[in-house]
Amino acid sequence: MFDQDEKGSFTIRKTDGEILPSITDVSVYVLSLGVAEVRGLTIDGVNSRWGPAKRRQQDPACWVGSDFEVCAY
């Protein structure tokens with residue numbers, strides 16, 4: 001499921017399970033042009049901060065952090 005918010009922010013979630021082990025939702029909060037904060041919601045309801053991400057110029061559907069990548073296709 002893909003839920004879009006204001007200014008390009010979005011949340012992705014899998015309605016029938018986990019996106020990653022113990023992660024049900026991933027949220028990308030756009031802070032400024034090309035810069036976002038990414039968080040993952042655990043099955044225990046903990047909103048874990050993954051950190052900052054930059055939008056990939058070659059593929060603007062993707063946001064890349066220090067040790068993760070979120071693409072919304």
# chains A, B, ... in the order shown; residues from 1 in each chain; ligands from 1

call {"tool": "select_by_dssp", "arguments": {"residues": "chain A", "states": "strand (DSSP E)", "output": "JSON, numbers by chain"}}
result
{"A": [2, 3, 4, 10, 11, 12, 13, 23, 24, 25, 26, 27, 28, 29, 30, 31, 32, 35, 36, 37, 38, 39, 40, 41, 42, 47, 48, 49, 50, 51, 52, 53, 54, 55, 62, 63, 64, 69, 70, 71]}

call {"tool": "write_last_selection", "arguments": {"atoms": "C-alpha atoms", "output": "mmCIF file, in the first residue's frame"}}
result
data_model
loop_
_atom_site.group_PDB
_atom_site.id
_atom_site.type_symbol
_atom_site.label_atom_id
_atom_site.label_comp_id
_atom_site.auth_asym_id
_atom_site.auth_seq_id
_atom_site.Cartn_x
_atom_site.Cartn_y
_atom_site.Cartn_z
ATOM 1 C CA PHE A 2 1.284 3.499 -0.843
ATOM 2 C CA ASP A 3 0.003 6.580 1.029
ATOM 3 C CA GLN A 4 1.211 9.943 -0.225
ATOM 4 C CA PHE A 10 4.918 8.980 1.719
ATOM 5 C CA THR A 11 4.436 5.766 3.667
ATOM 6 C CA ILE A 12 4.573 2.265 2.266
ATOM 7 C CA ARG A 13 3.138 -0.710 4.098
ATOM 8 C CA ILE A 23 9.041 -3.851 9.910
ATOM 9 C CA THR A 24 5.439 -3.179 8.849
ATOM 10 C CA ASP A 25 5.686 0.403 7.516
ATOM 11 C CA VAL A 26 8.409 2.613 6.054
ATOM 12 C CA SER A 27 7.871 6.387 6.005
ATOM 13 C CA VAL A 28 9.805 8.956 3.997
ATOM 14 C CA TYR A 29 9.296 12.507 5.325
ATOM 15 C CA VAL A 30 10.525 15.106 2.850
ATOM 16 C CA LEU A 31 12.334 17.880 4.741
ATOM 17 C CA SER A 32 13.517 19.940 1.776
ATOM 18 C CA VAL A 35 16.359 15.529 1.446
ATOM 19 C CA ALA A 36 14.179 13.303 3.650
ATOM 20 C CA GLU A 37 14.049 11.595 7.032
ATOM 21 C CA VAL A 38 13.215 7.878 6.928
ATOM 22 C CA ARG A 39 11.614 5.807 9.671
ATOM 23 C CA GLY A 40 10.431 2.231 9.990
ATOM 24 C CA LEU A 41 7.532 1.091 12.155
ATOM 25 C CA THR A 42 8.190 -2.218 13.900
ATOM 26 C CA ASN A 47 8.894 4.114 15.243
ATOM 27 C CA SER A 48 12.589 3.519 14.549
ATOM 28 C CA ARG A 49 14.659 6.276 12.960
ATOM 29 C CA TRP A 50 16.655 5.063 9.973
ATOM 30 C CA GLY A 51 18.150 8.479 9.300
ATOM 31 C CA PRO A 52 18.480 11.008 6.516
ATOM 32 C CA ALA A 53 18.196 10.095 2.847
ATOM 33 C CA LYS A 54 18.812 11.872 -0.426
ATOM 34 C CA ARG A 55 16.689 11.510 -3.511
ATOM 35 C CA CYS A 62 14.378 6.183 -4.795
ATOM 36 C CA TRP A 63 15.738 7.665 -1.580
ATOM 37 C CA VAL A 64 19.184 6.557 -0.414
ATOM 38 C CA GLU A 69 17.408 2.492 0.045
ATOM 39 C CA VAL A 70 13.662 3.056 -0.313
ATOM 40 C CA CYS A 71 12.106 3.014 -3.783
#

call {"tool": "closest_residue", "arguments": {"among": "A:Leu33, A:Lys7, A:Ala72, A:Ile43", "to": "Leu20 (chain A)", "atoms": "only C-alpha atoms"}}
result
A:Ile43

call {"tool": "closest_residue", "arguments": {"among": "A:Ala61, A:Gly34, A:Ser22, A:Lys14", "to": "Val46 (chain A)", "atoms": "only C-alpha atoms"}}
result
A:Ser22

call {"tool": "atom_distance", "arguments": {"atom1": "CA of Gly45 (chain A)", "atom2": "CA of Asp16 (chain A)"}}
result
16.1 Å

call {"tool": "atom_distance", "arguments": {"atom1": "CA of Arg56 (chain A)", "atom2": "CA of Gly17 (chain A)"}}
result
27.7 Å
